[in-house]
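Trainee: Provided herewith is a single structure, encoded as structure tokens, for subsequent inquiry.
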Amino acid sequence: MAENLLILGAGQYGAVAKETAQAMGCFDMISFLDDNSALAIGNLANYESFIRDYRYAFVAIGNPALRAEWIYRLEEKGFGLPVLKHPQATVMPSAQIAGGSIIEGQALVNSNATIAAGCFISAGAVVNHNAQLGACCHIDCNAVVSAGGTVPAQTKVPSGTVFH
């Protein structure tokens, strides 16, 4: 099967996910599903019909509760959930990152950090050593999760802030 990626959501997060996936250079084809975009090849409700042609799917929806729901649905149907890591991001070898997460360019995920499924680590963000992120968190641009910090699931750490 081809290494194709289906991105749910063609908005701002979808654009970042697509360009990050392109920069990785490991997907043969990247397409969108979205209910309100001319860029999409179909609607979200039809996601099951794409399993034959798309081995991987990524949820690029900002709402963390919806993101968690879609991740569950995709896993149930057998889609793989990749980690999208921009080549200009720094991820230490001991960091653990669950599927469905994205690490944008210039972000740092430091030693022994643990990132649960569906997290967004935006450009310039720092997840310092031994930090733990619950599922579907968003660490926005230039935000910092301090060493050893624990961010509860579905939490957004706003741009330029420090989470202890």
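Chain lettering (A, B, ...) mirrors the order of the structure tokens, residue numbering begins at 1 for each chain separately, and ligand numbering begins at 1 in order of display.
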Output as a PyMOL selection string all residues of range 19-163 of chain A that backbone DSSP marks as strand (DSSP E).
Mentor: chain A and resi 29-33+56-59+84-85+90-91+96-97+102-103+108-109+114-115+120-121+126-127+132-133+138-139+144-145+150-151+156-157+162-163
Trainee: Taking the chain letters and numbering used in this document, name the residues of chain A that DSSP puts in helix (DSSP H, G or I), as a PyMOL selection string.
Mentor: chain A and resi 12-24+44-50+64-77
Trainee: So, with only C-alpha atoms as the atoms that count, which of A:Asn43, A:Met92, A:Ile103, A:Ile61 lies closest to Gln12 in chain A?
Mentor: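 Of A:Asn43, A:Met92, A:Ile103, A:Ile61, the one nearest Gln12 in chain A, counting only C-alpha atoms, is A:Ile61.
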Trainee: Restricting the calculation to only C-alpha atoms, which member of A:Val16, A:Val151, A:Leu44, A:Ala95 is positioned closest to Leu74 in chain A?
Mentor: A:Leu44
